[in-house]
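K.L.:
Dropping in coords-v4.cif, which is mmCIF, C-alpha atoms:
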```
data_start
loop_
_atom_site.label_atom_id
_atom_site.label_comp_id
_atom_site.auth_asym_id
_atom_site.auth_seq_id
_atom_site.Cartn_x
_atom_site.Cartn_y
_atom_site.Cartn_z
CA MET A 22 68.30 42.53 135.88
CA PRO A 23 70.95 41.52 138.44
CA ALA A 24 72.48 44.36 140.43
CA ASP A 25 75.97 43.82 138.96
CA ALA A 26 74.67 43.82 135.40
CA GLU A 27 72.69 46.97 136.10
CA ARG A 28 75.75 48.67 137.59
CA ARG A 29 77.83 47.59 134.59
CA ALA A 30 75.26 48.98 132.14
CA LYS A 31 75.18 52.27 134.04
CA LEU A 32 78.99 52.55 134.06
CA LEU A 33 79.30 51.79 130.36
CA ARG A 34 76.60 54.33 129.52
CA ALA A 35 78.44 56.92 131.62
CA ALA A 36 81.74 56.02 129.91
CA ALA A 37 80.17 56.40 126.47
CA GLY A 38 78.77 59.78 127.54
CA ALA A 39 82.18 60.85 128.85
CA ALA A 40 83.86 59.78 125.59
CA PHE A 41 81.31 61.75 123.56
CA LEU A 42 81.77 64.78 125.84
CA ALA A 43 85.57 64.56 125.57
CA LEU A 44 85.37 64.40 121.78
CA ALA A 45 83.05 67.41 121.72
CA VAL A 46 85.33 69.43 124.04
CA VAL A 47 88.43 68.69 121.92
CA VAL A 48 86.61 69.64 118.71
CA VAL A 49 85.33 72.88 120.28
CA LEU A 50 88.81 73.75 121.65
CA ILE A 51 90.42 73.24 118.25
CA VAL A 52 87.70 75.14 116.37
CA VAL A 53 87.80 78.06 118.84
CA ASN A 54 91.60 78.14 118.74
CA ALA A 55 91.72 77.99 114.94
CA ALA A 56 89.09 80.72 114.67
CA SER A 57 90.91 82.98 117.10
CA ASN A 58 93.57 83.61 114.48
CA GLY A 59 91.24 84.02 111.55
CA ASN A 60 88.38 86.06 112.87
CA SER A 61 89.55 88.16 115.78
CA GLY A 62 92.11 90.02 113.70
CA ASP A 63 95.15 88.54 115.44
CA THR A 64 98.36 89.19 113.56
CA GLU A 65 99.79 86.26 111.61
CA LEU A 66 103.56 86.30 112.01
CA GLU A 67 106.20 84.82 109.76
CA GLU A 68 109.30 82.80 110.62
CA VAL A 69 108.56 82.55 114.35
CA ALA A 70 110.15 79.13 114.81
CA ALA A 71 113.25 80.10 112.80
CA ALA A 72 113.65 83.31 114.81
CA ASN A 73 113.30 81.54 118.16
CA ALA A 74 115.75 78.84 117.05
CA VAL A 75 118.54 81.43 116.77
CA PHE A 76 118.51 81.89 120.55
CA ALA A 77 117.80 78.33 121.66
CA GLY A 78 119.98 77.41 124.61
CA ILE A 79 121.61 80.85 124.95
CA PRO A 80 121.06 82.67 128.27
CA GLN A 81 119.31 86.04 128.13
CA ARG A 82 118.84 88.64 130.80
CA GLU A 83 117.12 91.93 130.01
CA THR A 84 118.73 92.94 126.70
CA VAL A 85 121.95 90.99 127.22
CA LEU A 86 122.37 87.87 125.11
CA GLY A 87 124.95 85.28 126.17
CA ASP A 88 127.09 84.99 129.25
CA PRO A 89 126.85 88.36 131.07
CA SER A 90 130.38 87.83 132.43
CA ALA A 91 131.86 87.21 128.96
CA PRO A 92 135.16 89.13 128.59
CA VAL A 93 133.99 91.07 125.53
CA LYS A 94 130.79 93.08 125.46
CA LEU A 95 129.39 93.97 122.05
CA PHE A 96 126.66 96.62 121.97
CA GLU A 97 124.17 97.05 119.15
CA PHE A 98 122.31 100.35 118.98
CA GLY A 99 119.26 99.80 116.80
CA ASP A 100 115.81 101.07 115.88
CA LEU A 101 113.17 98.40 115.52
CA GLN A 102 111.60 100.19 112.55
CA CYS A 103 114.91 100.37 110.70
CA PRO A 104 115.11 98.13 107.62
CA VAL A 105 118.93 98.00 107.74
CA CYS A 106 118.70 96.69 111.32
CA LYS A 107 116.33 94.00 110.04
CA ALA A 108 118.82 92.97 107.34
CA PHE A 109 121.60 92.95 109.93
CA SER A 110 119.61 90.80 112.33
CA GLU A 111 119.00 88.26 109.59
CA GLU A 112 122.39 88.17 107.90
CA VAL A 113 125.19 89.62 110.02
CA VAL A 114 124.26 89.02 113.65
CA PRO A 115 123.31 85.27 113.62
CA PRO A 116 126.80 84.03 112.62
CA ILE A 117 128.35 86.19 115.34
CA ILE A 118 125.92 84.75 117.89
CA GLU A 119 126.73 81.25 116.66
CA LYS A 120 130.51 81.67 116.64
CA GLN A 121 131.35 84.21 119.34
CA VAL A 122 128.38 84.57 121.71
CA LYS A 123 127.41 80.92 122.16
CA ASN A 124 130.95 79.99 123.18
CA GLY A 125 131.07 82.67 125.88
CA GLU A 126 133.66 84.82 124.10
CA ALA A 127 131.32 87.82 123.93
CA SER A 128 127.93 88.96 125.11
CA LEU A 129 125.66 90.98 122.85
CA THR A 130 123.60 93.80 124.31
CA PHE A 131 120.83 95.61 122.45
CA ARG A 132 120.26 99.30 123.07
CA ASN A 133 117.41 101.31 121.59
CA PHE A 134 118.56 104.17 119.38
CA VAL A 135 115.39 105.87 118.16
CA ILE A 136 115.95 107.65 114.85
CA ILE A 137 112.72 107.01 112.96
CA GLY A 138 109.75 108.05 115.08
CA PRO A 139 107.40 107.53 118.01
CA GLU A 140 106.47 104.02 116.86
CA SER A 141 110.11 103.07 117.42
CA VAL A 142 109.68 104.07 121.08
CA ASP A 143 106.58 101.87 121.39
CA ALA A 144 108.45 98.97 119.79
CA GLY A 145 111.58 99.60 121.85
CA THR A 146 109.74 99.65 125.19
CA ALA A 147 107.90 96.47 124.19
CA MET A 148 111.29 94.85 123.50
CA LEU A 149 112.66 95.98 126.87
CA ALA A 150 109.53 94.65 128.60
CA ALA A 151 110.01 91.29 126.86
CA GLY A 152 113.64 91.41 128.02
CA GLU A 153 112.43 91.59 131.61
CA GLN A 154 110.98 88.11 131.06
CA GLY A 155 114.13 86.83 129.32
CA ARG A 156 112.58 87.02 125.85
CA GLY A 157 113.97 90.34 124.57
CA TRP A 158 116.11 88.93 121.77
CA ASN A 159 113.34 86.61 120.60
CA PHE A 160 111.03 89.64 120.52
CA LEU A 161 113.59 91.67 118.57
CA GLU A 162 114.22 88.96 115.98
CA ILE A 163 110.52 88.15 115.43
CA PHE A 164 109.76 91.87 115.19
CA TYR A 165 112.46 92.34 112.54
CA ARG A 166 111.31 89.33 110.54
CA ASN A 167 107.80 90.79 110.45
CA GLN A 168 108.80 94.42 110.12
CA GLY A 169 106.52 96.71 108.06
CA LYS A 170 107.25 99.92 106.22
CA GLU A 171 108.64 102.76 108.36
CA ARG A 172 105.97 104.95 109.99
CA SER A 173 103.18 103.03 108.23
CA GLY A 174 101.24 102.48 111.46
CA TYR A 175 101.82 98.74 111.69
CA VAL A 176 103.31 99.00 115.21
CA THR A 177 99.93 98.56 116.91
CA ASP A 178 99.19 97.09 120.34
CA GLU A 179 97.85 94.04 118.54
CA PHE A 180 101.04 93.58 116.49
CA LEU A 181 103.28 94.04 119.53
CA GLU A 182 101.22 91.59 121.56
CA ALA A 183 101.37 89.01 118.78
CA VAL A 184 105.17 89.40 118.64
CA ALA A 185 105.41 89.08 122.44
CA LYS A 186 103.30 85.91 122.44
CA ALA A 187 105.35 84.42 119.61
CA ALA A 188 108.55 85.35 121.42
CA GLY A 189 107.43 83.34 124.43
CA VAL A 190 106.60 86.17 126.83
CA LYS A 191 104.66 84.21 129.42
CA ASP A 192 103.16 86.92 131.63
CA LEU A 193 101.45 89.22 129.13
CA ALA A 194 99.83 91.33 131.87
CA ALA A 195 103.23 92.14 133.39
CA TRP A 196 104.66 92.76 129.91
CA ASN A 197 101.83 95.20 129.08
CA LYS A 198 102.28 97.01 132.38
CA ALA A 199 106.04 97.31 131.87
CA ARG A 200 105.91 98.47 128.24
CA ASN A 201 103.48 101.25 129.12
CA SER A 202 105.58 102.42 132.04
CA ASN A 203 107.49 105.71 132.07
CA ARG A 204 110.44 103.76 133.44
CA LEU A 205 111.01 101.91 130.14
CA ARG A 206 110.20 104.94 128.01
CA GLU A 207 112.88 106.83 129.91
CA GLU A 208 115.28 103.94 129.35
CA VAL A 209 114.70 104.16 125.58
CA ALA A 210 115.34 107.93 125.71
CA LYS A 211 118.45 107.36 127.82
CA SER A 212 120.01 104.80 125.46
CA THR A 213 119.18 107.05 122.49
CA GLY A 214 121.05 109.83 124.31
CA GLU A 215 124.00 107.49 124.89
CA ALA A 216 124.16 106.62 121.19
CA GLU A 217 124.14 110.31 120.27
CA ALA A 218 126.83 111.01 122.88
CA ILE A 219 129.06 108.33 121.32
CA GLY A 220 128.53 110.10 118.01
CA PHE A 221 126.44 107.56 116.16
CA THR A 222 124.38 108.96 113.32
CA GLY A 223 122.62 105.88 111.96
CA THR A 224 121.41 102.40 112.86
CA PRO A 225 122.50 99.80 113.51
CA SER A 226 125.63 101.13 115.19
CA PHE A 227 127.97 99.01 117.24
CA ALA A 228 130.45 99.49 120.07
CA VAL A 229 132.73 97.03 121.81
CA GLU A 230 134.35 96.82 125.21
CA GLY A 231 136.80 94.26 126.55
CA PRO A 232 140.24 93.66 128.06
CA GLY A 233 141.83 94.71 124.74
CA THR A 234 140.01 98.04 124.42
CA GLU A 235 140.31 101.32 126.23
CA GLY A 236 136.78 101.57 127.53
CA LEU A 237 133.89 101.52 125.09
CA GLU A 238 135.15 101.71 121.50
CA SER A 239 132.85 102.78 118.70
CA LEU A 240 132.64 100.58 115.60
CA GLY A 241 130.37 103.09 113.90
CA PRO A 242 127.22 102.46 111.95
CA VAL A 243 126.69 99.43 109.72
CA PRO A 244 130.05 97.67 110.15
CA SER A 245 130.71 94.56 108.08
CA ARG A 246 130.50 91.11 109.63
CA GLU A 247 134.28 90.78 109.29
CA THR A 248 134.79 94.06 111.14
CA LEU A 249 132.57 92.90 114.01
CA GLU A 250 134.28 89.51 114.25
CA ALA A 251 137.72 91.08 114.22
CA ALA A 252 136.68 93.69 116.79
CA ILE A 253 135.51 90.97 119.19
CA SER A 254 138.73 89.01 118.69
CA SER A 255 140.99 92.00 119.26
CA ALA A 256 138.97 93.17 122.28
CA SER A 257 139.37 89.84 124.07
CA MET B 18 85.49 37.91 123.75
CA SER B 19 88.34 37.24 126.16
CA PHE B 20 90.03 40.06 128.01
CA PRO B 21 93.45 40.05 129.67
CA SER B 22 93.08 39.44 133.40
CA GLU B 23 92.32 42.60 135.39
CA ASP B 24 95.46 42.10 137.45
CA ASN B 25 97.55 42.18 134.29
CA LEU B 26 95.71 45.26 133.05
CA ARG B 27 96.29 46.98 136.40
CA ARG B 28 99.99 46.11 136.31
CA ALA B 29 100.26 47.47 132.76
CA ILE B 30 98.39 50.65 133.74
CA ALA B 31 100.67 51.15 136.74
CA PHE B 32 103.78 50.63 134.59
CA VAL B 33 102.72 53.03 131.80
CA ALA B 34 101.46 55.64 134.31
CA ALA B 35 104.80 55.46 136.14
CA LEU B 36 106.59 56.10 132.84
CA GLY B 37 104.24 59.06 132.32
CA VAL B 38 105.11 60.47 135.76
CA GLY B 39 108.79 60.22 134.74
CA VAL B 40 108.30 61.99 131.40
CA ALA B 41 106.14 64.79 132.87
CA THR B 42 108.55 65.24 135.79
CA TYR B 43 111.51 65.52 133.43
CA ILE B 44 109.73 68.17 131.33
CA THR B 45 108.81 70.12 134.49
CA ILE B 46 112.34 70.01 135.91
CA ALA B 47 113.91 70.99 132.57
CA ASP B 48 111.51 73.93 132.26
CA SER B 49 111.91 75.09 135.86
CA GLY B 50 115.62 75.69 135.21
CA GLY B 51 114.68 78.17 132.49
CA GLY B 52 115.56 75.70 129.75
CA ALA B 53 113.71 73.03 127.85
CA PRO B 54 113.78 69.23 127.58
CA ALA B 55 116.67 67.99 125.45
CA CYS B 56 115.56 66.78 122.05
CA ILE B 57 117.26 63.84 120.39
CA ALA B 58 119.38 64.53 117.29
CA GLY B 59 119.83 68.20 118.10
CA SER B 60 116.26 69.18 117.24
CA THR B 61 115.20 72.55 118.66
CA GLY B 62 111.51 71.54 118.72
CA CYS B 63 111.42 71.11 122.51
CA GLN B 64 112.91 74.58 123.07
CA THR B 65 110.41 76.12 120.64
CA VAL B 66 107.48 74.34 122.30
CA ALA B 67 108.72 75.19 125.81
CA ASP B 68 109.16 78.83 124.79
CA SER B 69 105.65 79.14 123.39
CA THR B 70 102.87 80.71 125.43
CA TYR B 71 100.94 77.44 125.12
CA SER B 72 103.41 75.69 127.45
CA HIS B 73 101.97 77.41 130.52
CA VAL B 74 98.44 77.86 131.81
CA ALA B 75 98.06 80.63 134.40
CA GLY B 76 101.82 80.64 134.83
CA VAL B 77 101.97 76.90 135.55
CA ASN B 78 103.79 74.55 133.20
CA ILE B 79 101.25 72.14 131.72
CA ALA B 80 103.64 69.27 132.50
CA VAL B 81 102.71 69.83 136.18
CA PHE B 82 99.10 68.96 135.28
CA GLY B 83 100.57 65.94 133.49
CA ILE B 84 102.30 64.78 136.68
CA VAL B 85 99.04 65.10 138.62
CA GLY B 86 97.12 63.19 135.93
CA TYR B 87 99.64 60.34 135.71
CA VAL B 88 99.87 60.03 139.53
CA LEU B 89 96.07 59.77 139.76
CA LEU B 90 96.07 57.19 136.95
CA LEU B 91 98.74 55.27 138.82
CA ALA B 92 96.58 55.38 141.95
CA THR B 93 93.56 53.89 140.11
CA ALA B 94 95.65 50.81 139.28
CA PHE B 95 95.89 49.97 142.98
CA PHE B 96 92.15 49.47 143.48
CA ALA B 97 89.95 46.76 142.00
CA SER B 98 86.67 48.62 142.20
CA ASP B 99 84.19 50.10 139.75
CA ALA B 100 85.07 53.57 141.04
CA ALA B 101 88.75 52.99 140.20
CA ARG B 102 87.90 51.49 136.79
CA PHE B 103 85.69 54.42 135.88
CA ALA B 104 88.06 57.03 137.32
CA GLY B 105 90.96 55.49 135.40
CA PHE B 106 88.98 55.59 132.17
CA ALA B 107 87.77 59.16 132.75
CA LEU B 108 91.27 60.42 133.62
CA ALA B 109 92.86 58.70 130.63
CA LEU B 110 90.10 60.04 128.40
CA GLY B 111 90.69 63.59 129.64
CA GLY B 112 94.46 63.19 129.27
CA PHE B 113 94.08 61.74 125.79
CA GLY B 114 91.74 64.56 124.70
CA TYR B 115 94.15 67.17 126.03
CA SER B 116 97.06 65.42 124.29
CA VAL B 117 95.15 65.56 121.00
CA PHE B 118 94.64 69.31 121.49
CA LEU B 119 98.32 69.85 122.39
CA THR B 120 99.45 67.87 119.35
CA TYR B 121 97.19 70.06 117.20
CA LEU B 122 98.84 73.15 118.76
CA GLU B 123 102.32 71.77 118.10
CA ILE B 124 101.62 71.02 114.45
CA PHE B 125 99.48 73.99 113.43
CA LYS B 126 100.24 76.79 115.90
CA ILE B 127 103.72 76.36 117.33
CA GLU B 128 104.96 74.60 114.18
CA ALA B 129 107.42 72.50 116.16
CA ILE B 130 107.31 69.00 117.57
CA CYS B 131 108.74 68.15 120.99
CA GLN B 132 109.67 64.49 121.27
CA TRP B 133 108.86 64.44 125.00
CA CYS B 134 105.35 65.75 124.35
CA VAL B 135 104.88 63.07 121.68
CA ALA B 136 106.12 60.45 124.18
CA SER B 137 103.55 61.66 126.72
CA ALA B 138 100.78 61.61 124.09
CA VAL B 139 101.69 58.01 123.15
CA LEU B 140 101.69 56.95 126.83
CA MET B 141 98.31 58.61 127.38
CA THR B 142 96.90 56.83 124.30
CA ILE B 143 98.11 53.47 125.65
CA LEU B 144 96.59 54.31 129.04
CA LEU B 145 93.25 55.12 127.41
CA LEU B 146 93.25 51.76 125.59
CA LEU B 147 94.21 49.87 128.75
CA ASN B 148 91.65 51.66 130.93
CA ALA B 149 88.89 51.27 128.30
CA THR B 150 89.66 47.53 128.10
CA ARG B 151 89.60 47.32 131.90
CA LEU B 152 86.28 49.13 132.16
CA ILE B 153 84.56 47.21 129.35
CA GLY B 154 85.91 43.88 130.54
CA TYR B 155 85.38 44.25 134.26
CA ALA B 156 82.76 46.95 134.99
CA GLY B 157 80.18 45.57 137.40
CA THR B 158 82.38 42.63 138.32
CA ASN B 159 81.96 41.42 141.85
CA GLU B 160 84.74 43.12 143.72
CA ALA B 161 84.97 40.45 146.39
CA ALA B 162 85.53 37.82 143.71
CA LEU B 163 88.59 39.72 142.58
CA ALA B 164 90.16 39.88 145.98
CA GLY B 165 92.18 36.74 145.33
CA GLY B 166 93.29 37.94 141.92
CA ARG B 167 91.80 37.14 138.56
#
```
Would you encode the structure as structure tokens?

P.N.:
Amino acid sequence: MPADAERRAKLLRAAAGAAFLALAVVVVLIVVNAASNGNSGDTELEEVAAANAVFAGIPQRETVLGDPSAPVKLFEFGDLQCPVCKAFSEEVVPPIIEKQVKNGEASLTFRNFVIIGPESVDAGTAMLAAGEQGRGWNFLEIFYRNQGKERSGYVTDEFLEAVAKAAGVKDLAAWNKARNSNRLREEVAKSTGEAEAIGFTGTPSFAVEGPGTEGLESLGPVPSRETLEAAISSAS
Amino acid sequence: MSFPSEDNLRRAIAFVAALGVGVATYITIADSGGGAPACIAGSTGCQTVADSTYSHVAGVNIAVFGIVGYVLLLATAFFASDAARFAGFALALGGFGYSVFLTYLEIFKIEAICQWCVASAVLMTILLLLNATRLIGYAGTNEAALAGGR
């Protein structure tokens, strides 16, 4: 066999082997990835893409959504276990984000107001930790869309981690470290204290601040969408 | 069976790999600004894909690996040797396999399609076909005989 022909045969055999190996690796990767959701007990979440789409293209920093220098600042005090907050996040808040946050008229800041129980603190610190990576609002929305029954024990580490991953938290180690820190637990306690000091008694409660208000003005618990829209307009 | 000339295959590989470098570089730059590549027709698929945890490996955007892969593929087009032919095929094969996996993730895990990722997958598929044709057609060919072009 001539040397060139021998070299050619060797190369083609190696190429066929590489192609077979590549096929095997892809199949294994897909099978392992598919199994990781079915067998390891990972949480299957609903409406992840729809929740993330709400915030596409809107800047986020910590728990502030929208332009941080927007003239009007709207504050939402919520409890992640609260079913009314969930309904609000799905029905009332998205149109406000679309109409008045996206255009830079107002920013929307989330503050934890724990009224239900210790699991709300775990969820709230996890949200703040996601906020440190610019994914707080995605975390909040995905959490609400997959919310379980109050105090039913669904707020596990596994659930929170699944929400964080779905929200796009990229450094899970840093997120885990932050959410278990006293610093963020104290922040949840502090914002709960602020809500009580304002006089809020339920969630979600709102407050607004802008050139047209005298400091922070309470809008009370569960305002209508019209009330929130009008409050932003008159505060600007 | 007649194959396109190796020079033509190399030119085609260089052209498609250069396009790949452009696509991967655009995705990397768009992501580095904290955003995502712009999708045509207002689709939010690119944002959803860029926001997913699958878009980064060890904190590095996978488009960076794409740039490296396309640059290496581009480099193989400049040499008419068996090493370059085999390296081009192996790189394109790896890139194609990874693109298949990423497309699976987009459809079944992230549930969103990013047009730029699809563009990269199509380019990598073309590169695999070109490099496979080059290897099958010209493996073992006398390198000196090619010096004057073929």

K.L.:
Name every residue that the PyMOL selection byres ((chain A and resi 218-226) around 8) selects in this structure, writing the answer as a PyMOL selection string with chains first and numbers rising.

P.N.:
chain A and resi 97-100+103+105-106+109+134+136+214-217+227-228+239-244

K.L.:
The selected residues should be written to file as a PDB file, in the frame of the given file (atoms: C-alpha atoms).

P.N.:
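File part12.pdb, as written:
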```pdb
ATOM      1  CA  GLU A  97     124.170  97.050 119.150  1.00  0.00           C
ATOM      2  CA  PHE A  98     122.310 100.350 118.980  1.00  0.00           C
ATOM      3  CA  GLY A  99     119.260  99.800 116.800  1.00  0.00           C
ATOM      4  CA  ASP A 100     115.810 101.070 115.880  1.00  0.00           C
ATOM      5  CA  CYS A 103     114.910 100.370 110.700  1.00  0.00           C
ATOM      6  CA  VAL A 105     118.930  98.000 107.740  1.00  0.00           C
ATOM      7  CA  CYS A 106     118.700  96.690 111.320  1.00  0.00           C
ATOM      8  CA  PHE A 109     121.600  92.950 109.930  1.00  0.00           C
ATOM      9  CA  PHE A 134     118.560 104.170 119.380  1.00  0.00           C
ATOM     10  CA  ILE A 136     115.950 107.650 114.850  1.00  0.00           C
ATOM     11  CA  GLY A 214     121.050 109.830 124.310  1.00  0.00           C
ATOM     12  CA  GLU A 215     124.000 107.490 124.890  1.00  0.00           C
ATOM     13  CA  ALA A 216     124.160 106.620 121.190  1.00  0.00           C
ATOM     14  CA  GLU A 217     124.140 110.310 120.270  1.00  0.00           C
ATOM     15  CA  PHE A 227     127.970  99.010 117.240  1.00  0.00           C
ATOM     16  CA  ALA A 228     130.450  99.490 120.070  1.00  0.00           C
ATOM     17  CA  SER A 239     132.850 102.780 118.700  1.00  0.00           C
ATOM     18  CA  LEU A 240     132.640 100.580 115.600  1.00  0.00           C
ATOM     19  CA  GLY A 241     130.370 103.090 113.900  1.00  0.00           C
ATOM     20  CA  PRO A 242     127.220 102.460 111.950  1.00  0.00           C
ATOM     21  CA  VAL A 243     126.690  99.430 109.720  1.00  0.00           C
ATOM     22  CA  PRO A 244     130.050  97.670 110.150  1.00  0.00           C
TER      23      PRO A 244
END
```

K.L.:
For the PyMOL selection byres ((chain B) within 8 of (chain A)), applied here, can you spell out every residue it catches as a count of residues only?

P.N.:
28

K.L.:
Looking at A:Ile118, A:Leu101, A:Leu149, A:Ala194, which one is nearest to Gly87 (chain A), with distances taken over all atoms listed in the file?

P.N.:
A:Ile118

K.L.:
Do you know which residues the PyMOL selection byres ((chain B and resi 151) around 10) returns on this file, as a tab-separated table (two decimals) with C-alpha atoms, in the frame of the given file?

P.N.:
```tsv
chain	number	residue	atom	x	y	z
B	20	PHE	CA	90.03	40.06	128.01
B	21	PRO	CA	93.45	40.05	129.67
B	22	SER	CA	93.08	39.44	133.40
B	23	GLU	CA	92.32	42.60	135.39
B	24	ASP	CA	95.46	42.10	137.45
B	25	ASN	CA	97.55	42.18	134.29
B	26	LEU	CA	95.71	45.26	133.05
B	27	ARG	CA	96.29	46.98	136.40
B	30	ILE	CA	98.39	50.65	133.74
B	99	ASP	CA	84.19	50.10	139.75
B	102	ARG	CA	87.90	51.49	136.79
B	103	PHE	CA	85.69	54.42	135.88
B	105	GLY	CA	90.96	55.49	135.40
B	106	PHE	CA	88.98	55.59	132.17
B	145	LEU	CA	93.25	55.12	127.41
B	146	LEU	CA	93.25	51.76	125.59
B	147	LEU	CA	94.21	49.87	128.75
B	148	ASN	CA	91.65	51.66	130.93
B	149	ALA	CA	88.89	51.27	128.30
B	150	THR	CA	89.66	47.53	128.10
B	152	LEU	CA	86.28	49.13	132.16
B	153	ILE	CA	84.56	47.21	129.35
B	154	GLY	CA	85.91	43.88	130.54
B	155	TYR	CA	85.38	44.25	134.26
B	156	ALA	CA	82.76	46.95	134.99
```

K.L.:
Separation of CA of Glu230 (chain A) and CA of Thr130 (chain A), in Å?

P.N.:
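Those two atoms sit 11.2 Å apart.
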
K.L.:
Within 12 Å of (111.7, 85.4, 105.9), in the coordinates the file gives, what residues turn up when you count only C-alpha atoms, written out as a PDB file with C-alpha atoms, in the frame of the given file?

P.N.:
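That gives us out_22.pdb:
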```pdb
ATOM      1  CA  LEU A  66     103.560  86.300 112.010  1.00  0.00           C
ATOM      2  CA  GLU A  67     106.200  84.820 109.760  1.00  0.00           C
ATOM      3  CA  GLU A  68     109.300  82.800 110.620  1.00  0.00           C
ATOM      4  CA  VAL A  69     108.560  82.550 114.350  1.00  0.00           C
ATOM      5  CA  ALA A  70     110.150  79.130 114.810  1.00  0.00           C
ATOM      6  CA  ALA A  71     113.250  80.100 112.800  1.00  0.00           C
ATOM      7  CA  ALA A  72     113.650  83.310 114.810  1.00  0.00           C
ATOM      8  CA  LYS A 107     116.330  94.000 110.040  1.00  0.00           C
ATOM      9  CA  ALA A 108     118.820  92.970 107.340  1.00  0.00           C
ATOM     10  CA  SER A 110     119.610  90.800 112.330  1.00  0.00           C
ATOM     11  CA  GLU A 111     119.000  88.260 109.590  1.00  0.00           C
ATOM     12  CA  GLU A 112     122.390  88.170 107.900  1.00  0.00           C
ATOM     13  CA  GLU A 162     114.220  88.960 115.980  1.00  0.00           C
ATOM     14  CA  ILE A 163     110.520  88.150 115.430  1.00  0.00           C
ATOM     15  CA  PHE A 164     109.760  91.870 115.190  1.00  0.00           C
ATOM     16  CA  TYR A 165     112.460  92.340 112.540  1.00  0.00           C
ATOM     17  CA  ARG A 166     111.310  89.330 110.540  1.00  0.00           C
ATOM     18  CA  ASN A 167     107.800  90.790 110.450  1.00  0.00           C
ATOM     19  CA  GLN A 168     108.800  94.420 110.120  1.00  0.00           C
TER      20      GLN A 168
END
```

K.L.:
Pick the closest to Ala104 (chain B) from B:Ala75, B:Ala92, B:Met141, B:Ile130: which is it, counting all atoms listed in the file?

P.N.:
B:Ala92

K.L.:
State, in Å with one decimal place, the distance from CA of Asn203 (chain A) to CA of Glu171 (chain A).

P.N.:
23.9 Å

K.L.:
What is the CA of Gly145 (chain A)-CA of Val85 (chain A) distance in Å, reported with one decimal?

P.N.:
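According to the coordinates, CA of Gly145 (chain A) and CA of Val85 (chain A) are separated by 14.5 Å.
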
K.L.:
Give the answer as one residue: which of B:Ile124, B:Leu36, B:Cys63, B:Ala29 has the shortest atom-to-atom distance to Val139 (chain B), using only C-alpha atoms?

P.N.:
B:Leu36

K.L.:
My list of candidates is A:Gln154, A:Ser173, A:Ser141, A:Asn133. Which is closest to Arg82 (chain A) when distances are computed with all atoms listed in the file?

P.N.:
A:Gln154
